[in-house]
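Structure file model-v4.tsv with TSV, C-alpha atoms and all ligand atoms:
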```
chain	number	residue	atom	x	y	z
A	3	MET	CA	7.82	13.68	-16.04
A	4	ALA	CA	4.23	13.21	-16.98
A	5	SER	CA	0.84	12.97	-15.41
A	6	ILE	CA	-1.08	9.80	-16.28
A	7	ARG	CA	-4.81	9.56	-16.74
A	8	PHE	CA	-6.89	6.40	-16.98
A	9	GLU	CA	-10.40	6.65	-18.34
A	10	ASN	CA	-12.85	3.75	-18.01
A	11	ILE	CA	-10.24	1.03	-18.44
A	12	ASP	CA	-11.48	-2.56	-18.83
A	13	LYS	CA	-9.22	-5.51	-19.50
A	14	PHE	CA	-10.40	-9.07	-20.09
A	15	PHE	CA	-8.50	-12.33	-20.10
A	16	PRO	CA	-10.20	-15.65	-20.93
A	17	GLY	CA	-12.62	-16.25	-18.09
A	18	VAL	CA	-11.66	-13.21	-16.01
A	19	GLN	CA	-12.09	-9.46	-16.09
A	20	ALA	CA	-8.73	-8.28	-14.76
A	21	LEU	CA	-9.59	-4.54	-14.76
A	22	LYS	CA	-13.05	-3.09	-14.19
A	23	ASN	CA	-13.70	0.50	-15.20
A	24	ILE	CA	-10.51	2.02	-13.85
A	25	ASN	CA	-10.62	5.81	-13.57
A	26	LEU	CA	-7.58	7.43	-12.08
A	27	GLU	CA	-5.35	10.44	-12.38
A	28	ILE	CA	-1.71	10.28	-11.30
A	29	LYS	CA	0.03	13.61	-10.92
A	30	SER	CA	3.29	14.56	-12.52
A	31	GLY	CA	6.20	13.64	-10.25
A	32	GLU	CA	4.01	11.64	-7.90
A	33	PHE	CA	5.01	8.38	-6.19
A	34	PHE	CA	1.81	6.44	-6.70
A	35	THR	CA	1.22	2.89	-5.43
A	36	LEU	CA	-1.19	0.19	-6.56
A	37	LEU	CA	-1.88	-1.89	-3.47
A	38	GLY	CA	-3.96	-5.06	-3.29
A	39	PRO	CA	-3.95	-8.83	-2.82
A	40	SER	CA	-2.47	-11.21	-5.35
A	41	GLY	CA	-4.56	-11.46	-8.49
A	42	CYS	CA	-6.38	-8.13	-8.08
A	43	GLY	CA	-5.03	-6.66	-11.34
A	44	LYS	CA	-2.00	-4.59	-10.28
A	45	THR	CA	0.44	-6.07	-12.80
A	46	THR	CA	-2.18	-5.92	-15.53
A	47	LEU	CA	-2.70	-2.20	-14.93
A	48	LEU	CA	1.06	-1.56	-14.86
A	49	ARG	CA	1.63	-3.50	-18.08
A	50	THR	CA	-1.19	-1.59	-19.71
A	51	VAL	CA	0.57	1.68	-18.86
A	52	ALA	CA	3.83	0.32	-20.32
A	53	GLY	CA	2.02	-0.76	-23.47
A	54	PHE	CA	2.73	-4.47	-23.01
A	55	TYR	CA	-1.04	-5.00	-22.84
A	56	LYS	CA	-3.76	-3.15	-24.67
A	57	GLN	CA	-6.93	-2.39	-22.73
A	58	ASP	CA	-10.22	-3.63	-24.17
A	59	ARG	CA	-12.02	-0.41	-23.36
A	60	GLY	CA	-11.11	3.10	-22.27
A	61	HIS	CA	-8.15	5.41	-22.75
A	62	ILE	CA	-4.77	6.21	-21.24
A	63	TYR	CA	-3.16	9.64	-21.48
A	64	PHE	CA	0.37	10.81	-20.61
A	65	GLU	CA	-0.01	14.53	-19.97
A	66	ASP	CA	-2.81	15.15	-22.41
A	67	VAL	CA	-1.46	12.85	-25.10
A	68	LEU	CA	-3.50	9.75	-25.87
A	69	VAL	CA	-1.07	6.79	-25.78
A	70	ASP	CA	-3.49	3.94	-26.62
A	71	ASP	CA	-1.91	3.34	-30.00
A	72	ILE	CA	1.67	4.16	-29.09
A	73	PRO	CA	3.76	0.95	-28.93
A	74	ALA	CA	5.57	0.04	-25.71
A	75	HIS	CA	9.07	1.03	-26.90
A	76	LYS	CA	7.87	4.54	-27.79
A	77	ARG	CA	5.98	5.27	-24.56
A	78	ASP	CA	9.09	6.38	-22.70
A	79	THR	CA	8.57	4.27	-19.59
A	80	GLY	CA	11.16	2.46	-17.49
A	81	MET	CA	10.25	-0.82	-15.81
A	82	VAL	CA	11.72	-2.52	-12.74
A	83	PHE	CA	10.68	-6.13	-12.23
A	84	GLN	CA	10.34	-8.38	-9.20
A	85	ASN	CA	12.93	-10.88	-10.44
A	86	TYR	CA	15.54	-8.15	-11.20
A	87	ALA	CA	15.77	-9.11	-14.90
A	88	VAL	CA	19.37	-7.93	-15.22
A	89	TRP	CA	21.43	-9.50	-17.98
A	90	PRO	CA	23.70	-12.15	-16.45
A	91	HIS	CA	26.41	-12.00	-19.13
A	92	MET	CA	26.89	-8.22	-18.88
A	93	THR	CA	28.74	-6.24	-16.24
A	94	VAL	CA	26.94	-3.74	-14.06
A	95	TYR	CA	28.21	-0.92	-16.29
A	96	GLU	CA	27.09	-2.67	-19.48
A	97	ASN	CA	23.67	-3.46	-18.01
A	98	VAL	CA	23.07	0.16	-17.15
A	99	ALA	CA	24.62	1.58	-20.35
A	100	PHE	CA	22.62	-0.73	-22.62
A	101	GLY	CA	19.55	1.47	-23.00
A	102	LEU	CA	21.69	4.52	-23.79
A	103	LYS	CA	23.79	2.70	-26.41
A	104	ASN	CA	20.55	1.67	-28.06
A	105	ARG	CA	19.61	5.32	-28.23
A	106	LYS	CA	22.90	6.07	-29.94
A	107	LEU	CA	24.25	8.57	-27.42
A	108	LYS	CA	27.91	9.69	-27.55
A	109	PRO	CA	30.22	7.48	-25.41
A	110	SER	CA	31.21	10.43	-23.22
A	111	GLU	CA	27.55	11.25	-22.61
A	112	ILE	CA	26.80	7.59	-21.82
A	113	LYS	CA	29.63	7.47	-19.30
A	114	ARG	CA	28.47	10.64	-17.57
A	115	LYS	CA	24.88	9.42	-17.24
A	116	VAL	CA	25.81	5.89	-16.14
A	117	ASP	CA	28.22	7.21	-13.51
A	118	THR	CA	25.53	9.53	-12.15
A	119	VAL	CA	22.87	6.83	-11.69
A	120	LEU	CA	25.36	4.28	-10.36
A	121	LYS	CA	26.29	6.79	-7.71
A	122	MET	CA	22.65	7.37	-6.89
A	123	ALA	CA	22.02	3.62	-6.64
A	124	ARG	CA	25.14	3.25	-4.47
A	125	LEU	CA	26.84	1.01	-7.02
A	126	THR	CA	29.99	3.04	-7.65
A	127	GLY	CA	32.93	0.63	-7.56
A	128	PHE	CA	30.83	-2.31	-8.78
A	129	GLU	CA	30.97	-1.34	-12.48
A	130	HIS	CA	32.97	-4.36	-13.60
A	131	ARG	CA	31.14	-7.03	-11.67
A	132	THR	CA	28.66	-9.39	-13.27
A	133	PRO	CA	25.28	-10.00	-11.58
A	134	ASP	CA	26.37	-13.36	-10.11
A	135	GLN	CA	28.94	-11.42	-8.07
A	136	LEU	CA	26.22	-9.24	-6.52
A	137	SER	CA	23.73	-9.72	-3.69
A	138	GLY	CA	19.99	-9.65	-4.37
A	139	GLY	CA	19.74	-6.08	-3.14
A	140	GLN	CA	22.61	-4.96	-5.39
A	141	GLN	CA	21.08	-6.72	-8.39
A	142	GLN	CA	17.83	-4.93	-7.75
A	143	ARG	CA	19.71	-1.63	-7.61
A	144	VAL	CA	21.16	-2.44	-11.04
A	145	GLY	CA	17.60	-3.01	-12.25
A	146	LEU	CA	16.61	0.35	-10.82
A	147	ALA	CA	19.67	2.16	-12.27
A	148	ARG	CA	19.00	0.64	-15.67
A	149	ALA	CA	15.41	1.85	-15.65
A	150	MET	CA	16.35	5.34	-14.43
A	151	VAL	CA	19.32	6.03	-16.68
A	152	ILE	CA	17.13	6.51	-19.75
A	153	GLU	CA	15.32	9.26	-17.82
A	154	PRO	CA	11.87	7.89	-18.63
A	155	LYS	CA	8.77	10.01	-18.32
A	156	VAL	CA	7.27	7.30	-16.16
A	157	LEU	CA	8.94	4.76	-13.89
A	158	LEU	CA	7.04	1.51	-13.32
A	159	MET	CA	7.95	-0.90	-10.53
A	160	ASP	CA	6.28	-4.27	-10.07
A	161	GLU	CA	6.91	-5.65	-6.56
A	162	PRO	CA	10.63	-4.81	-6.87
A	163	LEU	CA	11.43	-5.73	-3.27
A	164	SER	CA	9.49	-8.94	-2.81
A	165	ASN	CA	12.50	-11.22	-3.42
A	166	LEU	CA	14.62	-9.51	-0.79
A	167	ASP	CA	14.82	-10.40	2.88
A	168	ALA	CA	12.89	-8.31	5.40
A	169	LYS	CA	15.70	-6.05	6.58
A	170	LEU	CA	16.93	-5.25	3.09
A	171	ARG	CA	13.38	-4.56	1.94
A	172	ILE	CA	13.10	-1.85	4.55
A	173	GLU	CA	16.43	-0.28	3.56
A	174	MET	CA	15.69	-0.46	-0.14
A	175	ARG	CA	12.26	1.09	0.12
A	176	GLU	CA	13.84	4.14	1.73
A	177	GLU	CA	16.44	4.28	-1.05
A	178	ILE	CA	13.86	3.98	-3.79
A	179	ARG	CA	11.86	6.77	-2.19
A	180	ASP	CA	14.93	9.02	-1.88
A	181	ILE	CA	16.03	8.45	-5.46
A	182	GLN	CA	12.52	9.06	-6.76
A	183	ARG	CA	12.37	12.34	-4.83
A	184	GLN	CA	15.70	13.49	-6.25
A	185	LEU	CA	14.68	12.70	-9.82
A	186	GLY	CA	11.02	13.62	-9.53
A	187	ILE	CA	10.00	10.93	-12.06
A	188	THR	CA	6.31	10.06	-12.04
A	189	THR	CA	6.34	6.59	-10.51
A	190	ILE	CA	3.78	3.80	-10.33
A	191	TYR	CA	4.77	1.23	-7.75
A	192	VAL	CA	3.04	-2.11	-7.26
A	193	THR	CA	2.97	-4.01	-3.99
A	194	HIS	CA	0.77	-6.35	-1.96
A	195	ASP	CA	2.52	-5.19	1.22
A	196	GLN	CA	0.36	-2.59	2.94
A	197	GLU	CA	3.08	-1.33	5.25
A	198	GLU	CA	5.46	-0.82	2.34
A	199	ALA	CA	2.72	1.10	0.52
A	200	LEU	CA	2.09	3.37	3.52
A	201	VAL	CA	5.78	4.17	3.92
A	202	ILE	CA	6.76	4.76	0.33
A	203	SER	CA	3.82	6.48	-1.35
A	204	ASP	CA	2.53	9.96	-1.95
A	205	ARG	CA	-0.82	8.36	-2.74
A	206	ILE	CA	-2.18	4.84	-2.86
A	207	ALA	CA	-4.94	3.14	-4.86
A	208	VAL	CA	-6.27	0.11	-3.01
A	209	MET	CA	-7.43	-2.53	-5.49
A	210	ASN	CA	-9.50	-5.67	-5.18
A	211	ALA	CA	-10.83	-7.99	-7.88
A	212	GLY	CA	-9.99	-5.61	-10.74
A	213	GLU	CA	-11.49	-2.52	-9.11
A	214	ILE	CA	-10.12	0.49	-7.29
A	215	TYR	CA	-11.74	0.67	-3.85
A	216	GLN	CA	-10.14	3.86	-2.57
A	217	VAL	CA	-7.51	6.41	-3.59
A	218	GLY	CA	-5.80	8.59	-1.05
A	219	GLU	CA	-2.72	9.62	0.85
A	220	PRO	CA	-1.38	6.95	3.24
A	221	TRP	CA	-2.79	8.74	6.27
A	222	GLU	CA	-6.23	8.99	4.66
A	223	ILE	CA	-6.28	5.32	3.64
A	224	TYR	CA	-5.34	4.18	7.14
A	225	LYS	CA	-7.31	6.68	9.21
A	226	ASN	CA	-10.33	7.09	7.00
A	227	PRO	CA	-11.07	3.87	5.10
A	228	SER	CA	-14.13	4.29	2.92
A	229	ASN	CA	-15.15	0.63	2.86
A	230	ILE	CA	-14.73	-2.68	4.70
A	231	PHE	CA	-12.20	-4.05	2.24
A	232	VAL	CA	-9.77	-1.15	2.70
A	233	ALA	CA	-10.31	-1.18	6.46
A	234	SER	CA	-9.39	-4.85	6.69
A	235	PHE	CA	-6.59	-4.89	4.10
A	236	VAL	CA	-4.63	-1.90	5.39
A	237	GLY	CA	-3.36	-2.35	8.94
A	238	THR	CA	-4.99	-4.55	11.56
A	239	MET	CA	-8.65	-4.02	12.38
A	240	ASN	CA	-11.12	-5.50	14.85
A	241	PHE	CA	-14.59	-6.12	13.45
A	242	LEU	CA	-17.84	-6.59	15.36
A	243	SER	CA	-21.39	-7.08	14.12
A	244	GLY	CA	-24.01	-4.73	15.51
A	245	LYS	CA	-27.62	-3.68	15.20
A	246	ILE	CA	-29.01	-0.17	15.38
A	247	ILE	CA	-31.57	-0.25	18.20
A	248	SER	CA	-32.54	3.40	18.32
A	249	ARG	CA	-31.95	6.68	16.56
A	250	ASN	CA	-32.17	10.22	17.74
A	251	GLY	CA	-31.33	12.75	15.05
A	252	ASP	CA	-27.79	12.10	14.00
A	253	SER	CA	-26.98	9.92	16.97
A	254	VAL	CA	-27.62	6.18	17.11
A	255	THR	CA	-27.43	3.44	19.68
A	256	ILE	CA	-25.88	0.23	18.46
A	257	ASP	CA	-26.05	-3.10	20.24
A	258	PHE	CA	-23.08	-5.26	19.32
A	259	GLY	CA	-23.89	-8.24	21.54
A	260	ILE	CA	-21.18	-7.71	24.11
A	261	GLY	CA	-21.95	-4.06	24.67
A	262	LYS	CA	-23.67	-0.94	23.44
A	263	LEU	CA	-22.40	2.16	21.71
A	264	ASN	CA	-24.10	5.50	21.39
A	265	ILE	CA	-22.45	7.50	18.66
A	266	LYS	CA	-23.02	10.34	16.25
A	267	VAL	CA	-23.14	9.46	12.59
A	268	SER	CA	-22.69	12.01	9.86
A	269	ARG	CA	-23.38	9.78	6.90
A	270	SER	CA	-26.44	7.96	5.65
A	271	LEU	CA	-27.41	4.92	7.66
A	272	PRO	CA	-28.12	1.51	6.22
A	273	THR	CA	-31.81	0.69	6.10
A	274	SER	CA	-31.47	-2.85	7.39
A	275	GLY	CA	-30.30	-1.72	10.80
A	276	GLU	CA	-27.34	-4.06	10.67
A	277	VAL	CA	-23.89	-2.48	10.89
A	278	ARG	CA	-20.30	-3.62	11.00
A	279	ILE	CA	-18.24	-1.94	13.66
A	280	ALA	CA	-14.51	-1.61	13.20
A	281	VAL	CA	-11.83	-0.34	15.54
A	282	ARG	CA	-8.03	-0.37	15.36
A	283	PRO	CA	-6.07	-2.35	17.98
A	284	GLU	CA	-4.10	0.76	18.99
A	285	ASP	CA	-7.31	2.64	19.76
A	286	LEU	CA	-8.65	0.11	22.25
A	287	ILE	CA	-7.73	0.57	25.90
A	288	LEU	CA	-7.07	-2.22	28.37
A	289	GLU	CA	-6.95	-2.22	32.18
A	290	PRO	CA	-5.33	-0.86	34.27
A	291	ARG	CA	-5.46	2.39	32.33
A	292	ALA	CA	-9.12	1.61	31.68
A	293	SER	CA	-10.18	2.18	35.27
A	294	GLU	CA	-8.64	5.66	35.33
A	295	ILE	CA	-10.77	6.95	32.52
A	296	ARG	CA	-13.84	4.80	32.77
A	297	SER	CA	-15.97	7.56	34.21
A	298	LYS	CA	-15.76	9.45	30.96
A	299	LYS	CA	-18.71	9.05	28.66
A	300	GLU	CA	-16.75	8.67	25.44
A	301	PHE	CA	-16.25	4.94	25.82
A	302	SER	CA	-18.11	1.69	25.61
A	303	VAL	CA	-16.82	-0.81	28.20
A	304	ILE	CA	-16.73	-4.55	27.62
A	305	LYS	CA	-15.47	-7.42	29.72
A	306	GLY	CA	-13.07	-10.11	28.64
A	307	ARG	CA	-10.01	-12.16	29.43
A	308	VAL	CA	-6.48	-11.99	28.04
A	309	ILE	CA	-5.82	-15.31	26.32
A	310	LYS	CA	-2.49	-14.55	24.66
A	311	SER	CA	-0.04	-11.74	24.18
A	312	SER	CA	2.84	-11.14	21.83
A	313	PHE	CA	5.67	-8.71	22.37
A	314	THR	CA	7.55	-7.20	19.43
A	315	GLY	CA	9.75	-4.70	21.25
A	316	THR	CA	7.99	-1.49	20.31
A	317	LEU	CA	4.55	-2.80	21.11
A	318	ILE	CA	2.65	-5.54	22.85
A	319	GLN	CA	-0.42	-7.16	21.33
A	320	TYR	CA	-3.08	-8.65	23.60
A	321	PHE	CA	-5.64	-11.14	22.35
A	322	VAL	CA	-8.71	-10.68	24.50
A	323	GLU	CA	-11.65	-13.07	24.47
A	324	CYS	CA	-14.86	-11.27	25.33
A	325	ASP	CA	-17.70	-12.85	27.28
A	326	SER	CA	-19.53	-13.83	24.10
A	327	GLY	CA	-16.47	-15.64	22.71
A	328	LYS	CA	-15.65	-12.84	20.28
A	329	SER	CA	-11.96	-11.97	20.36
A	330	LEU	CA	-10.31	-8.58	20.03
A	331	ILE	CA	-6.73	-7.52	19.38
A	332	ILE	CA	-5.46	-4.67	21.50
A	333	GLU	CA	-2.09	-2.99	21.06
A	334	ARG	CA	-0.14	-1.01	23.55
A	335	HIS	CA	2.91	0.90	22.42
A	336	LYS	CA	6.00	1.43	24.53
A	337	PRO	CA	4.85	-1.13	27.12
A	338	GLU	CA	6.20	-0.68	30.65
A	339	LYS	CA	7.16	-3.89	32.42
A	340	ASP	CA	5.01	-3.31	35.50
A	341	ALA	CA	1.97	-2.61	33.32
A	342	LEU	CA	2.12	-5.94	31.47
A	343	VAL	CA	-1.05	-8.00	31.67
A	344	GLN	CA	-0.64	-11.74	32.24
A	345	ASP	CA	-2.49	-14.36	30.21
A	346	GLY	CA	-5.71	-15.41	31.93
A	347	THR	CA	-6.30	-12.00	33.55
A	348	SER	CA	-9.87	-10.72	33.50
A	349	VAL	CA	-9.91	-7.25	31.99
A	350	GLU	CA	-12.14	-4.47	30.83
A	351	VAL	CA	-11.71	-3.10	27.36
A	352	LEU	CA	-12.66	0.46	26.50
A	353	ILE	CA	-13.81	1.24	23.00
A	354	PRO	CA	-13.46	4.98	22.38
A	355	LYS	CA	-16.52	6.15	20.44
A	356	LYS	CA	-14.42	8.51	18.36
A	357	ALA	CA	-12.24	5.66	17.09
A	358	VAL	CA	-15.12	3.55	15.79
A	359	PHE	CA	-15.82	3.07	12.08
A	360	LEU	CA	-19.25	1.93	10.91
A	361	PHE	CA	-19.88	0.09	7.67
A	362	ASP	CA	-22.97	-1.12	5.87
A	363	PRO	CA	-22.49	-4.92	5.83
A	364	GLU	CA	-24.32	-5.23	2.52
A	365	THR	CA	-22.53	-2.64	0.41
A	366	GLY	CA	-19.31	-2.62	2.46
A	367	LYS	CA	-19.46	1.20	2.44
A	368	ARG	CA	-18.74	3.51	5.34
A	369	VAL	CA	-21.86	4.93	7.00
B	401	LIG	P1	-1.72	-8.98	-9.49
B	401	LIG	O1	-0.54	-8.39	-10.18
B	401	LIG	O2	-2.50	-7.98	-8.70
B	401	LIG	O3	-1.36	-10.17	-8.66
B	401	LIG	P2	-2.57	-9.68	-12.17
B	401	LIG	O4	-2.74	-8.36	-12.84
B	401	LIG	O5	-1.34	-10.44	-12.49
B	401	LIG	O6	-2.74	-9.50	-10.59
B	401	LIG	O7	-3.81	-10.62	-12.53
B	401	LIG	C1	-5.15	-10.17	-12.51
B	401	LIG	C2	-6.05	-11.30	-13.00
B	401	LIG	O8	-5.85	-11.52	-14.39
B	401	LIG	C3	-5.81	-12.64	-12.34
B	401	LIG	O9	-7.04	-13.29	-12.21
B	401	LIG	C4	-4.89	-13.35	-13.30
B	401	LIG	O10	-5.04	-14.75	-13.19
B	401	LIG	C5	-5.38	-12.84	-14.64
B	401	LIG	N1	-4.29	-12.73	-15.62
B	401	LIG	C6	-3.22	-11.93	-15.55
B	401	LIG	N2	-2.44	-12.03	-16.63
B	401	LIG	C7	-3.03	-12.94	-17.44
B	401	LIG	C8	-2.72	-13.47	-18.73
B	401	LIG	N3	-1.64	-13.08	-19.41
B	401	LIG	N4	-3.58	-14.39	-19.25
B	401	LIG	C9	-4.69	-14.76	-18.59
B	401	LIG	N5	-5.04	-14.30	-17.36
B	401	LIG	C10	-4.24	-13.38	-16.80
B	402	MG	MG	1.51	-8.94	-10.01
```

Show me, as structure tokens, the structure contained in the file I just sent.
Ligand code: ADP
Ligand code: MG
Amino acid sequence: MASIRFENIDKFFPGVQALKNINLEIKSGEFFTLLGPSGCGKTTLLRTVAGFYKQDRGHIYFEDVLVDDIPAHKRDTGMVFQNYAVWPHMTVYENVAFGLKNRKLKPSEIKRKVDTVLKMARLTGFEHRTPDQLSGGQQQRVGLARAMVIEPKVLLMDEPLSNLDAKLRIEMREEIRDIQRQLGITTIYVTHDQEEALVISDRIAVMNAGEIYQVGEPWEIYKNPSNIFVASFVGTMNFLSGKIISRNGDSVTIDFGIGKLNIKVSRSLPTSGEVRIAVRPEDLILEPRASEIRSKKEFSVIKGRVIKSSFTGTLIQYFVECDSGKSLIIERHKPEKDALVQDGTSVEVLIPKKAVFLFDPETGKRV
């Protein structure tokens, strides 16, 4: 187990800066996720931790030991790859034992350790199979067992579930989380899947174009995004453009074309007067519940028409076109059949003031 500290990390490739001034501290034993779109620098950062790449600027520490000049094979990290990378000509047992044989452990010790991780990875009984006799999920478990058996200080996983089908991905992410908890190995996990990141992580760093945009616990990232990028990348979000038309102390009135909002703001306001308004689909309220609570002052009411809905079992999503042509997504959980709203129905949508996020459109920052 080790904490990991990044100080001012830059990494350049020809024509692109893959990492821009990364500063980050990962705690010992933490399950930490790098989340971001393809090409944002996640793999580069992970490979820099492993020592496969050397940063062009800045320093990396494990505990308080500078590892910049320590070669990859001496950094004591275990890596799990997207494409499994298990050896096809070796059995499951041989694949997992390989790293221990290399370290010249006694055969009895090797057997004990391999048996323990195979049990943890639910591979007991599969010892003598070769990878071609295993499913994708089982192969990935071999990859995981092989990385864990050497008891690395740091476990690194680069999109380990992205080649698996949806159902297996959900099962495996729970398994990975459970195993990591049991072992308590400091883990850096890479994914572009925001839901996976929310489920699996102690903390998440959201990355874009080589930079870290926000670091926080899943709840914090989802409920309290600090900029437009995080708000739009994590979960679904409705965005509207608005203008501040008056201020009174810490409360402002915003005109967003199809309605007005009067809300308190605790942070600094943009000078331009333009704002981006964001609200989650599950926070918006649609008729008929709307009429029951309309009298309350905590809402802004707008008119629209349901143009489409999609039902996923646990929730129903309505696509509402507002009078100006702007469309909103509204979610209702545990829908009751008699409360379903048909396509084409004219509706009122309530925007709860408390659920609204405001961003400065120029800097992208929360205001
Ligand atoms: P991610 O894992 O988030 O998809 P990467 O870390 O692989 O992103 O890539 C970050 C950026 O660096 C991309 O623009 C990518 O094209 C570039 N890049 C990554 N690896 C190399 C490399 N070995 N040589 C040149 N460019 C690279
Ligand atoms: Mg990658």

- prompt: When the cut-off is 10 Å and you count only C-alpha atoms and all ligand atoms, which residues lie near ligand LIG 401 (chain B), shown as a VMD selection string?
  reply: chain A and resid 13 to 21 36 to 50 55 160 to 161 192 to 194 209 to 212

Selection: 12 Å around range 61-65 of chain A, all atoms listed in the file, excl. self and same-chain fewer than 6 positions, as a ChimeraX atom specification: /A:3-13,23-31,47-48,50-53,55,71-72,77-79,155-156,188

I'd like a table as a Markdown table: residues in range 76-96 of chain A with an atom no more than 8 Å from range 130-133 of chain A, each row giving the shortest atom pair and its distance in Å to one decimal, only C-alpha atoms counted, sorted by chain and rising residue number.
```
| residue | atom | partner | partner_atom | distance |
| --- | --- | --- | --- | --- |
| A:Val88 | CA | A:Pro133 | CA | 7.2 |
| A:Trp89 | CA | A:Pro133 | CA | 7.5 |
| A:Pro90 | CA | A:Pro133 | CA | 5.6 |
| A:His91 | CA | A:Thr132 | CA | 6.8 |
| A:Met92 | CA | A:Thr132 | CA | 6.0 |
| A:Thr93 | CA | A:Thr132 | CA | 4.3 |
| A:Val94 | CA | A:Arg131 | CA | 5.8 |
| A:Tyr95 | CA | A:His130 | CA | 6.5 |
```

- prompt: Please, what distance in Å, to one decimal, runs between CA of Gly127 in chain A and CA of Glu177 in chain A?
  reply: 18.1 Å

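When the distance limit is 6 Å and all atoms listed in the file are what count, the residues near Pro220 in chain A, minus those fewer than 2 positions from it on the same chain, are Leu200, Glu222 and Ile223 of chain A.
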
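The closest residue to ligand MG 402 (chain B), picked from A:Val303, A:Val217, A:Leu185, A:Met159 and counting all atoms listed in the file, is A:Met159.
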